[in-house]
>>> print(open('input.pdb').read())   # PDB, C-alpha atoms and all ligand atoms
ATOM      1  CA  MET A   1      83.912 212.213 107.053
ATOM      2  CA  SER A   2      85.559 213.599 110.205
ATOM      3  CA  ARG A   3      89.108 212.568 111.023
ATOM      4  CA  ALA A   4      89.644 209.352 112.973
ATOM      5  CA  ARG A   5      91.123 209.709 116.425
ATOM      6  CA  PHE A   6      93.117 207.283 118.513
ATOM      7  CA  ILE A   7      92.792 207.710 122.291
ATOM      8  CA  THR A   8      94.574 205.682 124.956
ATOM      9  CA  LEU A   9      93.867 205.530 128.663
ATOM     10  CA  GLU A  10      96.665 204.900 131.149
ATOM     11  CA  GLY A  11      97.329 204.874 134.867
ATOM     12  CA  LEU A  12      98.272 202.758 137.844
ATOM     13  CA  ASP A  13      96.130 199.753 138.699
ATOM     14  CA  GLY A  14      93.498 201.226 141.011
ATOM     15  CA  ALA A  15      93.544 204.670 139.370
ATOM     16  CA  GLY A  16      89.860 204.344 138.433
ATOM     17  CA  LYS A  17      90.185 203.438 134.746
ATOM     18  CA  THR A  18      86.971 201.399 134.670
ATOM     19  CA  THR A  19      84.826 204.248 136.026
ATOM     20  CA  HIS A  20      86.338 206.872 133.748
ATOM     21  CA  LEU A  21      86.223 204.630 130.711
ATOM     22  CA  ALA A  22      82.466 204.247 131.231
ATOM     23  CA  PHE A  23      82.156 208.048 131.295
ATOM     24  CA  ILE A  24      84.219 208.392 128.099
ATOM     25  CA  ARG A  25      82.077 205.739 126.415
ATOM     26  CA  ASP A  26      78.858 207.579 127.348
ATOM     27  CA  TRP A  27      80.266 210.950 126.293
ATOM     28  CA  LEU A  28      81.332 209.699 122.849
ATOM     29  CA  ALA A  29      78.019 207.903 122.315
ATOM     30  CA  ALA A  30      76.086 211.077 123.232
ATOM     31  CA  ALA A  31      78.302 213.032 120.814
ATOM     32  CA  ASN A  32      77.528 210.492 118.055
ATOM     33  CA  VAL A  33      81.160 209.541 117.598
ATOM     34  CA  ASP A  34      81.489 206.104 116.002
ATOM     35  CA  THR A  35      84.030 204.508 118.346
ATOM     36  CA  VAL A  36      85.704 201.136 118.777
ATOM     37  CA  PHE A  37      86.683 200.285 122.357
ATOM     38  CA  THR A  38      89.450 197.849 123.065
ATOM     39  CA  ARG A  39      92.067 196.964 125.654
ATOM     40  CA  GLU A  40      95.638 195.800 126.131
ATOM     41  CA  PRO A  41      96.933 193.273 126.594
ATOM     42  CA  GLY A  42      93.985 191.667 124.808
ATOM     43  CA  GLY A  43      91.306 192.954 122.473
ATOM     44  CA  THR A  44      91.581 190.090 119.950
ATOM     45  CA  PRO A  45      91.064 186.328 120.419
ATOM     46  CA  LEU A  46      94.834 185.725 120.507
ATOM     47  CA  GLY A  47      95.453 188.857 122.568
ATOM     48  CA  GLU A  48      92.966 187.747 125.208
ATOM     49  CA  LYS A  49      94.764 184.388 125.481
ATOM     50  CA  LEU A  50      98.061 186.237 125.894
ATOM     51  CA  ARG A  51      96.407 188.473 128.508
ATOM     52  CA  GLU A  52      95.397 185.450 130.538
ATOM     53  CA  LEU A  53      98.983 184.177 130.515
ATOM     54  CA  LEU A  54     100.462 187.590 131.281
ATOM     55  CA  LEU A  55      98.198 188.274 134.266
ATOM     56  CA  ASP A  56      98.301 184.736 135.680
ATOM     57  CA  VAL A  57     100.267 184.727 138.955
ATOM     58  CA  ASP A  58     101.654 181.272 138.061
ATOM     59  CA  THR A  59     103.271 182.453 134.828
ATOM     60  CA  GLU A  60     107.054 182.674 134.901
ATOM     61  CA  ALA A  61     108.633 184.729 132.139
ATOM     62  CA  THR A  62     111.874 186.607 131.657
ATOM     63  CA  LEU A  63     111.589 190.371 131.314
ATOM     64  CA  ASP A  64     112.229 190.259 127.585
ATOM     65  CA  THR A  65     109.659 187.495 127.047
ATOM     66  CA  GLU A  66     107.049 189.492 128.960
ATOM     67  CA  THR A  67     107.843 192.565 126.861
ATOM     68  CA  LEU A  68     107.644 190.612 123.600
ATOM     69  CA  LEU A  69     104.300 189.100 124.579
ATOM     70  CA  MET A  70     102.907 192.588 125.251
ATOM     71  CA  PHE A  71     104.026 193.593 121.760
ATOM     72  CA  ALA A  72     102.699 190.376 120.211
ATOM     73  CA  SER A  73      99.269 191.220 121.610
ATOM     74  CA  ARG A  74      99.698 194.815 120.357
ATOM     75  CA  GLN A  75     100.692 193.717 116.843
ATOM     76  CA  GLU A  76      97.596 191.555 116.592
ATOM     77  CA  LEU A  77      95.364 194.344 117.887
ATOM     78  CA  LEU A  78      96.854 196.944 115.567
ATOM     79  CA  SER A  79      96.517 194.851 112.442
ATOM     80  CA  SER A  80      93.100 193.387 113.064
ATOM     81  CA  ILE A  81      91.251 196.138 114.985
ATOM     82  CA  ILE A  82      92.987 199.506 115.404
ATOM     83  CA  ARG A  83      94.374 200.193 111.904
ATOM     84  CA  PRO A  84      91.228 199.009 110.043
ATOM     85  CA  ALA A  85      88.979 201.096 112.338
ATOM     86  CA  LEU A  86      91.082 204.240 111.905
ATOM     87  CA  ALA A  87      91.181 203.654 108.130
ATOM     88  CA  MET A  88      87.369 203.705 108.138
ATOM     89  CA  GLY A  89      87.335 207.031 109.982
ATOM     90  CA  ARG A  90      86.214 205.489 113.255
ATOM     91  CA  TRP A  91      87.620 206.559 116.599
ATOM     92  CA  VAL A  92      89.490 204.029 118.722
ATOM     93  CA  VAL A  93      89.753 204.088 122.515
ATOM     94  CA  SER A  94      92.216 201.624 123.986
ATOM     95  CA  ASP A  95      92.380 200.800 127.677
ATOM     96  CA  ARG A  96      96.214 200.930 127.836
ATOM     97  CA  PHE A  97      98.781 200.906 125.000
ATOM     98  CA  THR A  98     102.561 201.258 124.578
ATOM     99  CA  ASP A  99     103.018 203.819 127.363
ATOM    100  CA  ALA A 100     102.070 200.939 129.700
ATOM    101  CA  THR A 101     105.030 198.929 128.399
ATOM    102  CA  PHE A 102     107.387 201.865 129.001
ATOM    103  CA  ALA A 103     105.906 202.296 132.502
ATOM    104  CA  TYR A 104     105.546 198.660 133.651
ATOM    105  CA  GLN A 105     108.239 196.711 131.775
ATOM    106  CA  GLY A 106     110.539 199.756 131.473
ATOM    107  CA  GLY A 107     110.087 201.663 134.740
ATOM    108  CA  GLY A 108     108.714 198.825 136.850
ATOM    109  CA  ARG A 109     110.884 195.928 135.695
ATOM    110  CA  GLY A 110     113.915 197.746 134.310
ATOM    111  CA  VAL A 111     113.782 196.771 130.619
ATOM    112  CA  PRO A 112     115.858 199.415 128.772
ATOM    113  CA  ALA A 113     113.633 202.059 127.182
ATOM    114  CA  LYS A 114     115.746 201.842 124.028
ATOM    115  CA  ARG A 115     114.753 198.217 123.524
ATOM    116  CA  ILE A 116     111.054 199.017 124.035
ATOM    117  CA  ALA A 117     111.391 201.901 121.576
ATOM    118  CA  GLN A 118     112.792 199.490 118.951
ATOM    119  CA  LEU A 119     109.753 197.227 119.295
ATOM    120  CA  GLU A 120     107.465 200.263 119.238
ATOM    121  CA  GLU A 121     109.015 201.365 115.953
ATOM    122  CA  TRP A 122     108.702 197.890 114.450
ATOM    123  CA  VAL A 123     105.112 197.304 115.477
ATOM    124  CA  GLN A 124     103.631 200.798 115.236
ATOM    125  CA  GLN A 125     105.531 202.129 112.207
ATOM    126  CA  GLY A 126     105.066 205.677 113.440
ATOM    127  CA  LEU A 127     101.449 205.335 114.562
ATOM    128  CA  GLN A 128     100.917 207.139 117.886
ATOM    129  CA  PRO A 129      97.793 207.978 119.864
ATOM    130  CA  ASP A 130      96.322 211.435 119.229
ATOM    131  CA  LEU A 131      95.509 211.686 122.913
ATOM    132  CA  THR A 132      96.721 209.752 125.953
ATOM    133  CA  ILE A 133      94.728 210.316 129.119
ATOM    134  CA  LEU A 134      96.857 209.592 132.174
ATOM    135  CA  LEU A 135      94.776 209.047 135.301
ATOM    136  CA  ASP A 136      97.294 209.945 137.951
ATOM    137  CA  VAL A 137      96.879 209.018 141.609
ATOM    138  CA  PRO A 138      99.337 208.818 144.490
ATOM    139  CA  LEU A 139     100.440 205.302 145.293
ATOM    140  CA  GLN A 140      98.519 205.165 148.573
ATOM    141  CA  VAL A 141      95.224 205.877 146.778
ATOM    142  CA  SER A 142      95.731 203.178 144.146
ATOM    143  CA  GLN A 143      96.905 200.615 146.693
ATOM    144  CA  GLN A 144      93.937 201.293 148.929
ATOM    145  CA  ARG A 145      91.474 200.962 146.024
ATOM    146  CA  LEU A 146      93.149 197.741 144.909
ATOM    147  CA  SER A 147      92.960 196.170 148.329
ATOM    148  CA  GLN A 148      89.180 196.543 148.216
ATOM    149  CA  THR A 149      88.791 194.512 145.026
ATOM    150  CA  ARG A 150      89.365 190.951 143.777
ATOM    151  CA  LEU A 151      92.558 188.935 144.168
ATOM    152  CA  PRO A 152      95.564 190.821 142.731
ATOM    153  CA  ASP A 153      96.924 189.716 139.328
ATOM    154  CA  ARG A 154     100.599 189.246 138.377
ATOM    155  CA  PHE A 155     101.241 193.012 138.170
ATOM    156  CA  GLU A 156      98.961 194.186 140.951
ATOM    157  CA  ARG A 157     100.725 191.929 143.444
ATOM    158  CA  GLU A 158     104.107 193.605 142.810
ATOM    159  CA  ARG A 159     105.657 195.530 145.680
ATOM    160  CA  GLU A 160     105.031 199.208 146.339
ATOM    161  CA  ASP A 161     108.366 200.351 144.925
ATOM    162  CA  PHE A 162     107.473 198.688 141.596
ATOM    163  CA  HIS A 163     104.234 200.700 141.409
ATOM    164  CA  GLN A 164     106.043 203.870 142.442
ATOM    165  CA  ARG A 165     108.444 203.410 139.512
ATOM    166  CA  VAL A 166     105.472 202.765 137.197
ATOM    167  CA  ARG A 167     103.855 206.025 138.291
ATOM    168  CA  ASP A 168     107.123 207.954 137.955
ATOM    169  CA  SER A 169     107.634 206.559 134.433
ATOM    170  CA  TYR A 170     104.134 207.550 133.366
ATOM    171  CA  LEU A 171     104.682 211.084 134.667
ATOM    172  CA  ALA A 172     108.077 211.283 132.957
ATOM    173  CA  ARG A 173     106.495 210.245 129.647
ATOM    174  CA  ALA A 174     103.716 212.796 130.107
ATOM    175  CA  ALA A 175     106.358 215.485 130.631
ATOM    176  CA  ALA A 176     108.287 214.295 127.561
ATOM    177  CA  TYR A 177     105.204 214.278 125.284
ATOM    178  CA  PRO A 178     103.043 217.134 126.588
ATOM    179  CA  GLN A 179     101.092 217.543 123.340
ATOM    180  CA  ARG A 180      99.788 213.990 123.356
ATOM    181  CA  PHE A 181      99.322 213.505 127.119
ATOM    182  CA  PHE A 182      96.463 214.843 129.211
ATOM    183  CA  VAL A 183      97.205 214.259 132.886
ATOM    184  CA  VAL A 184      94.197 214.137 135.180
ATOM    185  CA  ASP A 185      94.453 214.182 138.962
ATOM    186  CA  ALA A 186      92.300 211.091 139.474
ATOM    187  CA  SER A 187      92.371 211.326 143.259
ATOM    188  CA  GLY A 188      90.019 214.334 143.136
ATOM    189  CA  ASP A 189      86.220 214.329 143.102
ATOM    190  CA  LEU A 190      84.364 212.578 140.306
ATOM    191  CA  ALA A 191      82.508 215.641 138.969
ATOM    192  CA  THR A 192      85.750 217.607 138.517
ATOM    193  CA  ILE A 193      87.467 214.705 136.760
ATOM    194  CA  GLN A 194      84.504 214.199 134.434
ATOM    195  CA  GLN A 195      84.413 217.898 133.626
ATOM    196  CA  GLN A 196      88.073 217.772 132.623
ATOM    197  CA  LEU A 197      87.580 214.647 130.505
ATOM    198  CA  ALA A 198      84.534 216.101 128.751
ATOM    199  CA  GLY A 199      86.415 219.323 128.024
ATOM    200  CA  ARG A 200      89.361 217.523 126.449
ATOM    201  CA  LEU A 201      87.145 215.200 124.402
ATOM    202  CA  ALA A 202      85.132 218.164 123.132
ATOM    203  CA  GLU A 203      88.379 219.855 122.022
ATOM    204  CA  LEU A 204      89.486 216.730 120.190
ATOM    205  CA  LYS A 205      86.130 216.383 118.475
ATOM    206  CA  ALA A 206      86.166 220.026 117.405
ATOM    207  CA  GLN A 207      89.572 219.465 115.761
ATOM    208  CA  ALA A 208      88.586 216.216 114.026
TER     209      ALA A 208
HETATM  210  P1  LIG A 301      94.306 196.148 133.268
HETATM  211  O1  LIG A 301      94.019 196.224 131.819
HETATM  212  O2  LIG A 301      93.230 195.514 134.035
HETATM  213  O3  LIG A 301      94.747 197.450 133.827
HETATM  214  O4  LIG A 301      95.524 195.107 133.495
HETATM  215  C1  LIG A 301      96.543 194.973 132.639
HETATM  216  C2  LIG A 301      97.813 194.834 133.419
HETATM  217  O5  LIG A 301      98.868 194.618 132.500
HETATM  218  C3  LIG A 301      98.178 196.079 134.232
HETATM  219  O6  LIG A 301      98.660 195.691 135.502
HETATM  220  C4  LIG A 301      99.301 196.693 133.456
HETATM  221  C5  LIG A 301      99.912 195.536 132.710
HETATM  222  N1  LIG A 301     100.506 195.898 131.423
HETATM  223  C6  LIG A 301     101.884 195.862 131.288
HETATM  224  O7  LIG A 301     102.593 195.507 132.228
HETATM  225  N2  LIG A 301     102.431 196.207 130.083
HETATM  226  C7  LIG A 301     101.689 196.595 129.001
HETATM  227  O8  LIG A 301     102.231 196.877 127.934
HETATM  228  C8  LIG A 301     100.252 196.618 129.163
HETATM  229  C9  LIG A 301      99.403 197.006 127.996
HETATM  230  C10 LIG A 301      99.717 196.267 130.383
END
>>> encode(input="input.pdb", output="structure tokens")
Amino acid sequence: MSRARFITLEGLDGAGKTTHLAFIRDWLAAANVDTVFTREPGGTPLGEKLRELLLDVDTEATLDTETLLMFASRQELLSSIIRPALAMGRWVVSDRFTDATFAYQGGGRGVPAKRIAQLEEWVQQGLQPDLTILLDVPLQVSQQRLSQTRLPDRFEREREDFHQRVRDSYLARAAAYPQRFFVVDASGDLATIQQQLAGRLAELKAQA
């Protein structure tokens, strides 16, 4: 049995996650990699209920409550989906994970990174993604893409400086954990991005 791999996908809202996730899904299926796909917040029945609350523009929550709800969803996802899948040797791809909490609640909202790290330690017990793909785009690109879609959710409607801090936090984390992060310039052309993604996935598969 080849080694299980845990991949997370991160980036600003409007970075093109949906498109690139579809490519990753097709690539792994073509490579015969047994993979579970999930997302955060969400991915479990309780997590999806929490997601609805967290993204609802009418929800009022203190910063700490918002952070705890993100980790409540994560705890549920880890214990019922991610850990069992990895234990069976399956790969897991999660659309967002803890780096999003460091970027959005930490960088965006100002929750101390130390406090997030304490929750990370409690909930993850050392488990970290093998690979985190950061789809990086300048703020203008993400904002323009967002404006062309549906009504903005509770995070998407935040001001530009919030999103700038989110992007900066993601890039700072990528610089701090270069072995785990793979930063892709997601403002470039699709073929180049897909080539980079395929190359990195092939490397990971060869190591598994
Ligand atoms: P998305 O899955 O459609 O990108 O939307 C999820 C939103 O939730 C996105 O704006 C980022 C935000 N989020 C956080 O603020 N903290 C987190 O820990 C996670 C997982 C997501």
>>> resolve_selection(input="input.pdb", expression="the PyMOL selection byres (((chain A and resi 105-114) around 7) and not hetatm)", output="list in words")
Leu63, Thr67, Thr101, Phe102, Ala103, Tyr104, Arg115, Ile116, Ala117, Gln118, Phe162, His163, Arg165, Val166 and Ser169 of chain A
>>> residues_around(input="input.pdb", residues="A:Lys49", least_positions_apart="5", cutoff="12 Å", atoms="all atoms listed in the file", output="VMD selection string")
chain A and resid 40 to 44 54 to 56 69 to 70 72 to 73 76
>>> resolve_selection(input="input.pdb", expression="the PyMOL selection byres (((chain A and resi 181) around 7) and not hetatm)", output="VMD selection string")
chain A and resid 131 to 134 174 177 to 180 182 to 183
>>> atom_distance(input="input.pdb", atom1="atom CA of A:Ser2", atom2="atom CA of A:Gln124")
22.7 Å
>>> resolve_selection(input="input.pdb", expression="the PyMOL selection byres (((chain A and resi 95) around 12) and not hetatm)", output="PDB file with C-alpha atoms, keeping the file's coordinate frame")
ATOM      1  CA  PHE A   6      93.117 207.283 118.513  1.00  0.00           C
ATOM      2  CA  ILE A   7      92.792 207.710 122.291  1.00  0.00           C
ATOM      3  CA  THR A   8      94.574 205.682 124.956  1.00  0.00           C
ATOM      4  CA  LEU A   9      93.867 205.530 128.663  1.00  0.00           C
ATOM      5  CA  GLU A  10      96.665 204.900 131.149  1.00  0.00           C
ATOM      6  CA  GLY A  11      97.329 204.874 134.867  1.00  0.00           C
ATOM      7  CA  LEU A  12      98.272 202.758 137.844  1.00  0.00           C
ATOM      8  CA  ASP A  13      96.130 199.753 138.699  1.00  0.00           C
ATOM      9  CA  GLY A  16      89.860 204.344 138.433  1.00  0.00           C
ATOM     10  CA  LYS A  17      90.185 203.438 134.746  1.00  0.00           C
ATOM     11  CA  THR A  18      86.971 201.399 134.670  1.00  0.00           C
ATOM     12  CA  THR A  19      84.826 204.248 136.026  1.00  0.00           C
ATOM     13  CA  HIS A  20      86.338 206.872 133.748  1.00  0.00           C
ATOM     14  CA  LEU A  21      86.223 204.630 130.711  1.00  0.00           C
ATOM     15  CA  ALA A  22      82.466 204.247 131.231  1.00  0.00           C
ATOM     16  CA  ILE A  24      84.219 208.392 128.099  1.00  0.00           C
ATOM     17  CA  ARG A  25      82.077 205.739 126.415  1.00  0.00           C
ATOM     18  CA  VAL A  36      85.704 201.136 118.777  1.00  0.00           C
ATOM     19  CA  PHE A  37      86.683 200.285 122.357  1.00  0.00           C
ATOM     20  CA  THR A  38      89.450 197.849 123.065  1.00  0.00           C
ATOM     21  CA  ARG A  39      92.067 196.964 125.654  1.00  0.00           C
ATOM     22  CA  GLU A  40      95.638 195.800 126.131  1.00  0.00           C
ATOM     23  CA  PRO A  41      96.933 193.273 126.594  1.00  0.00           C
ATOM     24  CA  GLY A  42      93.985 191.667 124.808  1.00  0.00           C
ATOM     25  CA  GLY A  43      91.306 192.954 122.473  1.00  0.00           C
ATOM     26  CA  ARG A  74      99.698 194.815 120.357  1.00  0.00           C
ATOM     27  CA  VAL A  92      89.490 204.029 118.722  1.00  0.00           C
ATOM     28  CA  VAL A  93      89.753 204.088 122.515  1.00  0.00           C
ATOM     29  CA  SER A  94      92.216 201.624 123.986  1.00  0.00           C
ATOM     30  CA  ARG A  96      96.214 200.930 127.836  1.00  0.00           C
ATOM     31  CA  PHE A  97      98.781 200.906 125.000  1.00  0.00           C
ATOM     32  CA  THR A  98     102.561 201.258 124.578  1.00  0.00           C
ATOM     33  CA  ASP A  99     103.018 203.819 127.363  1.00  0.00           C
ATOM     34  CA  ALA A 100     102.070 200.939 129.700  1.00  0.00           C
ATOM     35  CA  PRO A 129      97.793 207.978 119.864  1.00  0.00           C
ATOM     36  CA  THR A 132      96.721 209.752 125.953  1.00  0.00           C
ATOM     37  CA  ILE A 133      94.728 210.316 129.119  1.00  0.00           C
ATOM     38  CA  LEU A 134      96.857 209.592 132.174  1.00  0.00           C
ATOM     39  CA  LEU A 135      94.776 209.047 135.301  1.00  0.00           C
TER      40      LEU A 135
END
>>> atom_distance(input="input.pdb", atom1="atom CA of A:Leu139", atom2="atom O6 of ligand LIG 301 (chain A)")
13.8 Å
>>> closest_residue(input="input.pdb", among="A:Asp34, A:Glu203, A:Asp168, A:Glu52", to="ligand LIG 301 (chain A)", atoms="all atoms listed in the file")
A:Glu52
>>> axis_aligned_box(input="input.pdb", around="ligand LIG 301 (chain A)", padding_each_side="8 Å", output="JSON")
{"center_x": 97.9, "center_y": 196.0, "center_z": 131.7, "size_x": 25.4, "size_y": 18.8, "size_z": 23.6}
>>> closest_atom_pairs(input="input.pdb", of="stretch 159-198 of chain A", to="stretch 142-152 of chain A", cutoff="10 Å", atoms="only C-alpha atoms", output="JSON lines")
{"residue": "A:Glu160", "atom": "CA", "partner": "A:Gln143", "partner_atom": "CA", "distance": 8.3}
{"residue": "A:His163", "atom": "CA", "partner": "A:Gln143", "partner_atom": "CA", "distance": 9.0}
{"residue": "A:Ala186", "atom": "CA", "partner": "A:Ser142", "partner_atom": "CA", "distance": 9.8}
{"residue": "A:Ser187", "atom": "CA", "partner": "A:Ser142", "partner_atom": "CA", "distance": 8.9}
>>> closest_residue(input="input.pdb", among="A:Ala87, A:Asp136, A:Thr59, A:Pro45", to="A:Ile193", atoms="all atoms listed in the file")
A:Asp136
>>> atom_distance(input="input.pdb", atom1="atom CA of A:Leu86", atom2="atom O6 of ligand LIG 301 (chain A)")
26.2 Å
>>> closest_residue(input="input.pdb", among="A:Arg167, A:Arg154, A:Arg173, A:Lys205", to="ligand LIG 301 (chain A)", atoms="all atoms listed in the file")
A:Arg154
>>> closest_residue(input="input.pdb", among="A:Leu127, A:Glu120, A:Val33, A:Asp153", to="ligand LIG 301 (chain A)", atoms="only C-alpha atoms and all ligand atoms")
A:Asp153
>>> closest_residue(input="input.pdb", among="A:Glu156, A:Asp189, A:Asp130, A:Glu48", to="ligand LIG 301 (chain A)", atoms="all atoms listed in the file")
A:Glu156
>>> closest_residue(input="input.pdb", among="A:Val141, A:Gly14, A:Phe155, A:Gln164", to="ligand LIG 301 (chain A)", atoms="only C-alpha atoms and all ligand atoms")
A:Phe155
